[in-house]
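> Structure file my_file22.cif (mmCIF, C-alpha atoms) is given on the next line.
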```
data_protein
loop_
_atom_site.label_atom_id
_atom_site.label_comp_id
_atom_site.auth_asym_id
_atom_site.auth_seq_id
_atom_site.Cartn_x
_atom_site.Cartn_y
_atom_site.Cartn_z
CA MET A 1127 110.78 215.28 133.64
CA GLY A 1128 111.76 212.69 131.02
CA ILE A 1129 111.42 208.98 131.37
CA LYS A 1130 113.88 207.54 133.64
CA ARG A 1131 115.01 204.12 132.46
CA GLY A 1132 115.61 202.31 135.62
CA LYS A 1133 116.42 198.61 135.96
CA ASN A 1134 112.78 197.67 135.78
CA ASN A 1135 112.33 199.55 132.57
CA ARG A 1136 115.46 197.92 131.17
CA ALA A 1137 114.14 194.47 131.91
CA GLN A 1138 110.78 195.28 130.36
CA LEU A 1139 112.54 196.58 127.34
CA LYS A 1140 114.44 193.30 127.12
CA THR A 1141 111.33 191.19 127.38
CA LYS A 1142 109.67 193.38 124.82
CA LYS A 1143 112.57 192.84 122.49
CA MET A 1144 112.46 189.11 123.16
CA GLY A 1145 108.77 189.02 122.37
CA ASN A 1146 109.40 190.84 119.11
CA ILE A 1147 112.07 188.46 118.15
CA LYS A 1148 109.95 185.41 118.93
CA ASN A 1149 107.06 186.84 117.06
CA GLN A 1150 109.28 187.35 114.05
CA GLY A 1151 110.16 183.65 114.19
CA PHE A 1152 113.85 183.91 114.66
CA LEU A 1153 115.50 180.78 115.93
CA ARG A 1154 117.50 182.16 118.59
CA PRO A 1155 120.78 180.21 118.68
CA ARG A 1156 121.02 178.37 121.83
CA LYS A 1157 124.09 177.67 123.66
CA SER A 1158 127.14 176.22 121.79
CA ASN A 1159 126.59 172.53 122.83
CA ASP A 1160 123.18 172.32 121.21
CA PHE A 1161 124.54 173.81 117.98
CA LEU A 1162 127.28 171.19 117.66
CA SER A 1163 124.96 168.27 118.27
CA PHE A 1164 122.64 169.65 115.63
CA LEU A 1165 125.53 169.78 113.18
CA ALA A 1166 126.60 166.23 114.05
CA PHE A 1167 123.10 164.92 113.43
CA ASN A 1168 122.96 166.57 110.01
CA CYS A 1169 126.38 165.14 109.10
CA GLN A 1170 125.26 161.62 109.87
CA ASN A 1171 122.27 162.02 107.60
CA ILE A 1172 124.47 163.25 104.75
CA ARG A 1173 126.94 160.36 105.20
CA GLY A 1174 124.14 157.82 104.91
CA GLN A 1175 122.89 159.43 101.74
CA LEU A 1176 126.40 159.38 100.30
CA LYS A 1177 126.72 155.66 101.01
CA ILE A 1178 123.42 154.98 99.33
CA GLN A 1179 124.54 156.95 96.31
CA GLN A 1180 127.81 155.04 96.16
CA MET A 1181 126.01 151.72 96.28
CA ILE A 1182 123.62 152.76 93.50
CA PHE A 1183 126.51 153.91 91.35
CA MET A 1184 128.40 150.66 91.89
CA LEU A 1185 125.36 148.55 91.03
CA LEU A 1186 124.71 150.57 87.89
CA ALA A 1187 128.33 150.28 86.81
CA ILE A 1188 128.43 146.51 87.38
CA THR A 1189 125.17 146.05 85.47
CA LEU A 1190 126.46 148.14 82.58
CA PHE A 1191 129.76 146.27 82.52
CA PHE A 1192 128.23 142.82 82.44
CA SER A 1193 125.63 143.84 79.89
CA LEU A 1194 128.45 145.04 77.62
CA VAL A 1195 130.27 141.76 78.13
CA GLY A 1196 127.10 139.82 77.36
CA LEU A 1197 126.50 141.90 74.24
CA PHE A 1198 130.00 141.25 73.00
CA PHE A 1199 129.63 137.50 73.61
CA LEU A 1200 126.27 137.39 71.80
CA THR A 1201 127.69 139.24 68.80
CA TYR A 1202 130.57 136.75 68.58
CA SER A 1203 128.35 133.67 68.88
CA LEU A 1204 125.61 134.92 66.55
CA GLY A 1205 128.17 135.70 63.86
CA ASP A 1206 128.71 131.97 63.43
CA ILE A 1207 124.97 131.40 62.98
CA LYS A 1208 124.77 133.95 60.20
CA GLN A 1209 127.71 132.36 58.38
CA GLY A 1210 126.09 128.96 58.81
CA PHE A 1211 122.89 130.24 57.21
CA ILE A 1212 124.82 131.63 54.25
CA ASP A 1213 126.66 128.30 53.85
CA ILE A 1214 123.39 126.36 53.83
CA GLN A 1215 121.92 128.71 51.23
CA LYS A 1216 124.96 128.24 49.04
CA GLU A 1217 124.78 124.47 49.44
CA ASN A 1218 121.11 124.44 48.42
CA ALA A 1219 121.86 126.54 45.37
CA GLN A 1220 124.68 124.18 44.39
CA LYS A 1221 122.31 121.23 44.66
CA ILE A 1222 119.89 122.96 42.29
CA VAL A 1223 122.72 123.42 39.82
CA SER A 1224 123.79 119.82 40.22
CA ILE A 1225 120.24 118.58 39.57
CA LEU A 1226 120.01 120.78 36.51
CA SER A 1227 123.28 119.51 35.06
CA ASN A 1228 122.08 115.92 35.43
CA SER A 1229 118.59 116.54 34.06
CA ALA A 1230 117.46 114.81 30.88
CA GLU A 1231 117.52 118.06 28.89
CA PHE A 1232 121.28 118.50 29.39
CA SER A 1233 122.83 115.23 30.50
CA CYS A 1234 124.96 113.09 28.21
CA SER A 1235 123.47 109.96 26.74
CA SER A 1236 125.94 107.81 28.64
CA LYS A 1237 124.38 108.99 31.94
CA ARG A 1238 127.67 110.19 33.37
CA GLN A 1239 127.56 112.61 36.25
CA ASN A 1240 128.34 116.28 35.61
CA CYS A 1241 128.30 115.74 31.85
CA ILE A 1242 126.42 118.11 29.57
CA ASP A 1243 125.60 117.30 26.00
CA MET A 1244 126.42 120.53 24.17
CA ASP A 1245 124.48 119.46 21.11
CA LYS A 1246 121.33 119.17 23.22
CA ALA A 1247 122.07 122.42 25.04
CA LEU A 1248 122.36 124.30 21.74
CA ILE A 1249 118.93 123.01 20.70
CA MET A 1250 117.52 124.11 24.07
CA LYS A 1251 118.75 127.66 23.53
CA ASP A 1252 116.02 130.28 23.90
CA ARG A 1253 113.18 127.77 24.16
CA GLU A 1254 110.51 129.84 25.83
CA GLU A 1255 108.49 126.78 26.88
CA TYR A 1256 111.23 125.85 29.35
CA ILE A 1257 111.66 129.22 31.00
CA LYS A 1258 108.99 128.55 33.64
CA PHE A 1259 109.82 124.85 33.84
CA TRP A 1260 113.26 125.31 35.42
CA GLN A 1261 112.22 128.05 37.85
CA VAL A 1262 115.52 129.85 37.54
CA ASP A 1263 116.33 133.18 35.98
CA SER A 1264 119.12 132.17 33.63
CA ILE A 1265 121.24 129.24 32.49
CA GLU A 1266 124.65 129.75 30.93
CA ILE A 1267 127.29 127.25 29.91
CA ARG A 1268 130.88 128.43 29.73
CA LYS A 1269 133.85 126.49 28.38
CA LEU A 1270 136.94 126.92 30.57
CA TYR A 1271 139.48 124.60 28.92
CA PRO A 1272 140.68 124.63 26.24
CA PHE A 1273 140.16 128.38 26.01
CA GLU A 1274 140.16 130.13 22.65
CA GLY A 1275 141.64 133.36 23.98
CA LYS A 1276 138.52 135.50 23.76
CA GLU A 1277 134.88 135.11 24.69
CA ILE A 1278 132.68 134.02 21.81
CA GLU A 1279 128.96 133.50 22.27
CA CYS A 1280 127.64 130.33 20.69
CA SER A 1281 125.06 130.29 17.95
CA ILE A 1282 124.03 127.80 15.30
CA GLY A 1283 126.45 129.48 12.88
CA ASN A 1284 129.69 129.29 14.91
CA TYR A 1285 129.17 126.17 17.04
CA PRO A 1286 131.44 124.48 18.23
CA ASN A 1287 134.05 127.24 17.79
CA CYS A 1288 132.71 129.25 20.71
CA ASN A 1289 132.88 129.17 24.48
CA ILE A 1290 129.75 130.81 25.94
CA LEU A 1291 126.29 129.35 25.44
CA LYS A 1292 123.44 131.33 26.95
CA VAL A 1293 120.65 128.81 27.09
CA PHE A 1294 118.11 131.34 28.31
CA GLN A 1295 117.86 134.50 30.33
CA LYS A 1296 114.66 135.92 31.86
CA ARG A 1297 115.95 139.49 32.22
CA ASP A 1298 117.21 141.43 29.22
CA ASN A 1299 120.23 142.70 31.06
CA GLY A 1300 122.23 139.88 32.65
CA ALA A 1301 123.84 142.27 35.11
CA ASP A 1302 120.54 142.61 36.98
CA LEU A 1303 120.73 139.02 38.27
CA ILE A 1304 121.02 138.97 42.03
CA ALA A 1305 122.74 135.62 42.67
CA GLN A 1306 124.59 133.09 40.57
CA GLN A 1307 125.73 129.59 41.36
CA ASP A 1308 128.00 127.48 39.24
CA ASN A 1309 129.08 123.88 38.96
CA TYR A 1310 131.93 122.26 37.09
CA VAL A 1311 130.78 120.13 34.19
CA SER A 1312 132.26 118.43 31.18
CA LEU A 1313 130.92 119.64 27.85
CA CYS A 1314 130.68 116.79 25.39
CA ARG A 1315 129.77 116.69 21.74
CA LYS A 1316 130.17 114.40 18.78
CA GLU A 1317 133.01 115.09 16.39
CA VAL A 1318 133.97 113.51 13.10
CA LYS A 1319 137.57 112.77 12.11
CA ASN A 1320 138.83 110.48 9.40
CA GLY A 1321 135.23 109.44 8.75
CA GLU A 1322 134.87 108.26 12.30
CA ILE A 1323 132.57 109.68 14.98
CA TYR A 1324 134.05 110.10 18.40
CA GLU A 1325 133.11 111.95 21.57
CA LYS A 1326 135.05 115.07 22.42
CA CYS A 1327 134.62 116.51 25.93
CA ASP A 1328 135.84 119.88 27.14
CA PHE A 1329 135.92 121.24 30.67
CA GLY A 1330 133.49 123.97 31.61
CA LEU A 1331 131.08 125.60 33.99
CA LEU A 1332 127.30 125.58 34.28
CA ILE A 1333 126.14 128.92 35.68
CA VAL A 1334 122.60 129.32 36.99
CA GLY A 1335 121.20 132.68 37.95
CA PHE A 1336 118.27 133.18 40.32
CA GLU A 1337 116.86 135.54 42.90
CA GLU A 1338 118.09 135.11 46.46
CA ASN A 1339 114.60 134.33 47.79
CA GLU A 1340 114.35 131.33 45.56
CA ASN A 1341 117.21 129.51 47.40
CA MET B 297 139.45 159.84 112.99
CA LYS B 298 137.84 162.57 110.93
CA ILE B 299 140.37 162.02 108.12
CA ASN B 300 139.69 158.22 108.03
CA ARG B 301 135.95 158.79 107.71
CA ARG B 302 136.45 161.03 104.70
CA LEU B 303 138.75 158.59 102.95
CA ARG B 304 136.48 155.56 103.43
CA GLY B 305 134.29 156.47 100.46
CA GLN B 306 137.31 156.92 98.27
CA GLU B 307 138.68 153.56 99.37
CA GLU B 308 135.47 151.87 98.31
CA MET B 309 135.62 153.49 94.89
CA VAL B 310 139.20 152.35 94.37
CA GLY B 311 138.25 148.84 95.42
CA PHE B 312 135.41 148.75 92.92
CA ILE B 313 137.61 149.95 90.08
CA LEU B 314 140.21 147.32 90.99
CA ILE B 315 137.62 144.56 90.79
CA VAL B 316 136.45 145.78 87.40
CA ILE B 317 140.01 145.84 86.08
CA ILE B 318 140.74 142.33 87.37
CA VAL B 319 137.57 140.92 85.80
CA ALA B 320 138.35 142.65 82.49
CA VAL B 321 141.88 141.23 82.46
CA ILE B 322 140.56 137.72 83.16
CA MET B 323 138.04 138.05 80.32
CA VAL B 324 140.71 139.19 77.88
CA ILE B 325 142.99 136.31 78.84
CA PHE B 326 140.14 133.84 78.43
CA LEU B 327 139.25 135.29 75.04
CA GLY B 328 142.85 135.15 73.92
CA ILE B 329 143.21 131.51 74.93
CA SER B 330 140.01 130.47 73.17
CA LEU B 331 140.91 132.30 69.96
CA ASN B 332 144.50 131.05 69.84
CA LYS B 333 143.72 127.36 70.23
CA PRO B 334 146.08 125.39 68.00
CA LYS B 335 144.05 124.47 64.98
CA THR B 336 144.48 120.92 63.90
CA GLU B 337 144.20 120.25 60.21
CA THR B 338 140.51 119.99 59.49
CA GLY B 339 139.07 118.96 56.21
CA LYS B 340 135.61 118.57 54.88
CA LYS B 341 134.31 117.11 51.69
CA SER B 342 132.84 119.42 49.20
CA GLU B 343 130.26 118.88 46.50
CA GLU B 344 132.10 121.45 44.44
CA ILE B 345 135.33 119.46 44.54
CA ARG B 346 133.48 116.26 43.71
CA SER B 347 131.84 117.91 40.67
CA PHE B 348 135.21 119.27 39.62
CA LEU B 349 136.85 115.85 39.77
CA ASN B 350 133.98 114.13 37.96
CA ALA B 351 133.97 116.71 35.18
CA MET B 352 137.76 116.67 34.90
CA SER B 353 137.93 112.89 34.63
CA ILE B 354 135.84 112.96 31.45
CA TYR B 355 137.91 115.62 29.72
CA THR B 356 139.21 114.40 26.35
CA THR B 357 142.95 114.84 25.95
CA ASP B 358 144.95 115.08 22.76
CA CYS B 359 146.59 111.73 23.42
CA ALA B 360 145.44 108.85 21.22
CA ILE B 361 146.82 105.48 22.22
CA ASN B 362 145.58 102.66 20.00
CA TYR B 363 144.44 104.56 16.92
CA ASP B 364 143.46 108.00 15.72
CA PRO B 365 140.94 109.44 16.68
CA ASN B 366 140.61 107.25 19.74
CA TYR B 367 141.56 110.05 22.08
CA ALA B 368 141.82 109.13 25.72
CA ASN B 369 140.06 111.00 28.47
CA VAL B 370 141.71 111.66 31.82
CA LYS B 371 140.31 108.46 33.28
CA ASP B 372 141.89 106.34 30.57
CA LEU B 373 145.07 108.39 30.52
CA VAL B 374 145.71 107.62 34.18
CA GLN B 375 145.71 103.96 33.25
CA TYR B 376 148.11 104.50 30.36
CA CYS B 377 150.35 106.67 32.49
CA SER B 378 150.55 104.00 35.19
CA ARG B 379 151.84 101.64 32.48
CA ASN B 380 154.12 104.39 31.12
CA GLU B 381 152.73 104.15 27.62
CA ASP B 382 153.29 106.75 24.90
CA CYS B 383 150.72 108.49 22.73
CA LEU B 384 150.57 107.94 18.98
CA ASN B 385 152.15 111.36 18.40
CA GLY B 386 155.21 110.32 20.47
CA GLU B 387 154.44 112.24 23.63
CA ASN B 388 154.56 110.46 26.96
CA SER B 389 151.08 109.89 28.35
CA CYS B 390 152.13 111.07 31.81
CA ASP B 391 153.44 114.38 30.42
CA VAL B 392 150.20 115.01 28.55
CA LEU B 393 148.17 114.09 31.62
CA GLU B 394 150.18 116.34 33.92
CA GLU B 395 150.03 119.26 31.51
CA ASP B 396 146.26 119.06 31.07
CA LEU B 397 145.57 118.60 34.78
CA THR B 398 147.85 121.52 35.65
CA LYS B 399 146.08 123.87 33.24
CA ILE B 400 142.60 122.76 34.28
CA THR B 401 143.31 123.27 37.98
CA GLU B 402 145.00 126.62 37.31
CA ILE B 403 141.92 127.94 35.51
CA SER B 404 139.43 126.51 38.00
CA TRP B 405 141.13 127.30 41.32
CA GLN B 406 143.00 130.56 41.13
CA THR B 407 145.07 131.22 44.23
CA GLY B 408 144.44 134.60 45.76
CA GLN B 409 140.78 134.63 44.75
CA ASN B 410 137.89 133.49 46.98
CA ASN B 411 140.30 132.99 49.93
CA ILE B 412 142.11 130.17 48.13
CA LYS B 413 145.65 129.90 49.47
CA GLY B 414 146.71 126.86 47.47
CA TYR B 415 145.76 123.46 46.13
CA GLN B 416 147.23 120.02 45.67
CA MET B 417 146.33 117.17 43.34
CA SER B 418 147.89 113.75 43.44
CA ILE B 419 147.35 110.46 41.64
CA ASN B 420 148.49 107.53 43.71
CA SER B 421 149.29 105.17 40.82
CA THR B 422 151.55 107.70 39.10
CA ASN B 423 154.27 110.17 40.16
CA ILE B 424 152.04 113.09 39.28
CA LEU B 425 151.77 115.71 42.01
CA ILE B 426 150.39 119.15 41.17
CA PHE B 427 150.84 121.80 43.82
CA ASN B 428 150.35 125.56 43.76
CA GLY B 429 150.29 128.22 46.45
CA ASN B 430 150.64 127.54 50.18
CA LYS B 431 149.44 124.79 52.46
CA THR B 432 147.30 125.79 55.43
CA SER B 433 145.58 123.89 58.22
CA GLN B 434 142.12 124.50 56.76
CA TYR B 435 141.24 122.74 53.53
CA ILE B 436 138.43 121.06 51.68
CA GLY B 437 139.06 118.02 49.59
CA ASP B 438 137.73 114.93 47.94
CA TYR B 439 138.86 112.06 45.77
CA ILE B 440 137.59 109.85 42.97
CA SER B 441 138.42 106.23 42.44
CA LEU B 442 139.36 105.24 38.95
CA PRO B 443 140.10 101.75 37.65
CA ALA B 444 143.80 102.58 37.60
CA GLY B 445 144.15 104.77 40.65
CA ILE B 446 142.78 107.44 42.95
CA ILE B 447 142.85 111.14 42.18
CA GLU B 448 142.88 113.20 45.35
CA PHE B 449 142.39 116.95 45.35
CA LYS B 450 142.64 119.45 48.20
CA VAL B 451 142.04 123.20 48.22
CA TYR B 452 143.64 125.15 51.04
CA TYR B 453 142.03 128.23 52.58
#
```
Could you render the structure as structure tokens?


Amino acid sequence: MGIKRGKNNRAQLKTKKMGNIKNQGFLRPRKSNDFLSFLAFNCQNIRGQLKIQQMIFMLLAITLFFSLVGLFFLTYSLGDIKQGFIDIQKENAQKIVSILSNSAEFSCSSKRQNCIDMDKALIMKDREEYIKFWQVDSIEIRKLYPFEGKEIECSIGNYPNCNILKVFQKRDNGADLIAQQDNYVSLCRKEVKNGEIYEKCDFGLLIVGFEENEN
Amino acid sequence: MKINRRLRGQEEMVGFILIVIIVAVIMVIFLGISLNKPKTETGKKSEEIRSFLNAMSIYTTDCAINYDPNYANVKDLVQYCSRNEDCLNGENSCDVLEEDLTKITEISWQTGQNNIKGYQMSINSTNILIFNGNKTSQYIGDYISLPAGIIEFKVYY
């Protein structure tokens, strides 16, 4: 007896198999022409995406390049502005020193410019009433020429055989001063020789110390 | 045909890199030209130099001309030097003037410090010319007019 698989049975078996396959969701590859066209379509999609990516990359690179160039240019041009600011600060500080050297408390009686009366300056030494008046942190007068060979601080006892006169200093330690400006001045005093009074002027420096914010 | 399609993307990349290189080269050339412009001698007046000259002109020298202790300051000594007069102690007024001016400028403007490359001082009514260091195209300078001449001073940076 047994089941005889004739042609009809074979065909039914095939359709059964086909149904199973379809039900399982297999994409049955079609003929070779359809497969190639499918591949070609996918390739075109990928090529377009590649082009878009290339364009994005190029735009990003150009933007980065020009931003770097712009940054470099800004750094170069702004460097001049900073130096200009420092120069103006220095100029203002020098003007303060110049005004101080020509003020009534220091200037020579003959009203010459950049002339300091050392006799007056010695009297002004450590006068606390003037500390707030000048609005600076320190005032120092230094004789440059002729130079005695070593630094000698002036006092009532050794004047005029000295070369550094510290008129006043707000801070105890002079090294804490943040900024100093100086101006060339002549240091004049009265001397007596052969019973005659004459004016003797040396060459020196007026040094003013103050905080940077006060400029 | 297939090979050309593959290489097209690479061609575009090479082209982009070439453009970047060309632009960079142009920028470097432009920068080089702007930085290497021949600098003409530029000078500007300085308050510091003016103060220096004013203070120096009042300095009392050791040269007495008419009587002792009528010591001459630099301003007066320029006048005596222009007339080639001698001091009471026998020294020539021009020698004393030159010596004092040389020492004062040496102490005040030390070459090698604060970017100072050199300095020059001249007095037009005398043969005095004080020079130290090197001349450069950048300097600051000023002058003062005295009854007997003009003192000109330049500091080179």

> Convert the output of the PyMOL selection byres ((chain B) within 7 of (chain A)) on the shown file into explicit residues, formatted as a list in words.

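Checked against the file, the PyMOL selection byres ((chain B) within 7 of (chain A)) matches Glu344, Ser347, Phe348, Asn350, Ala351, Met352, Ile354, Tyr355, Thr356, Pro365 and Ile400 of chain B.
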
> How far is it from CA of Phe427 (chain B) to CA of Gly414 (chain B), in Å with one decimal?

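So the two atoms, CA of Phe427 (chain B) and CA of Gly414 (chain B), lie 7.5 Å apart.
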
> List, as a list in words, every residue that the PyMOL selection byres ((chain B and resi 305) around 12) selects in the file provided.

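Output from the PyMOL selection byres ((chain B and resi 305) around 12), applied to this file: Arg1173, Gly1174, Gln1175, Leu1176, Lys1177, Ile1178, Gln1179, Gln1180, Met1181 and Met1184 of chain A; Ile299, Asn300, Arg301, Arg302, Leu303, Arg304, Gln306, Glu307, Glu308, Met309, Val310, Gly311 and Phe312 of chain B.
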
> Kindly indicate which residue among B:Ile345, B:Asp438, B:Ile426, B:Ile361 lies nearest to Glu387 (chain B), using all atoms listed in the file for the distances.

B:Ile361

> Could you please give me, as a count of residues only, the residues of protein, DNA or RNA lying at most 7 Å from (149.9, 109.2, 25.2) in the coordinate frame of the file, considering only C-alpha atoms?

11

> Padding 4 Å on every side, please: axis-aligned box over the listed atoms of region 313-328 of chain B, centre and edge lengths to one decimal in Å, as lines of an AutoDock Vina configuration file.


```
center_x = 139.7
center_y = 141.9
center_z = 82.5
size_x = 14.5
size_y = 24.1
size_z = 25.1
```

> What is the distance between CA of Glu1274 (chain A) and CA of Val370 (chain B), in Å to one decimal?

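Between CA of Glu1274 (chain A) and CA of Val370 (chain B) the gap works out to 20.7 Å.
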
> If you count all atoms listed in the file, which residues fall within 7 Å of Ile1267 (chain A), apart from same-chain ones fewer than 3 positions away, as a ChimeraX atom specification?

/A:1290-1292,1331-1333

> What is the distance between CA of Leu397 (chain B) and CA of Ile412 (chain B), in Å to one decimal?

18.0 Å
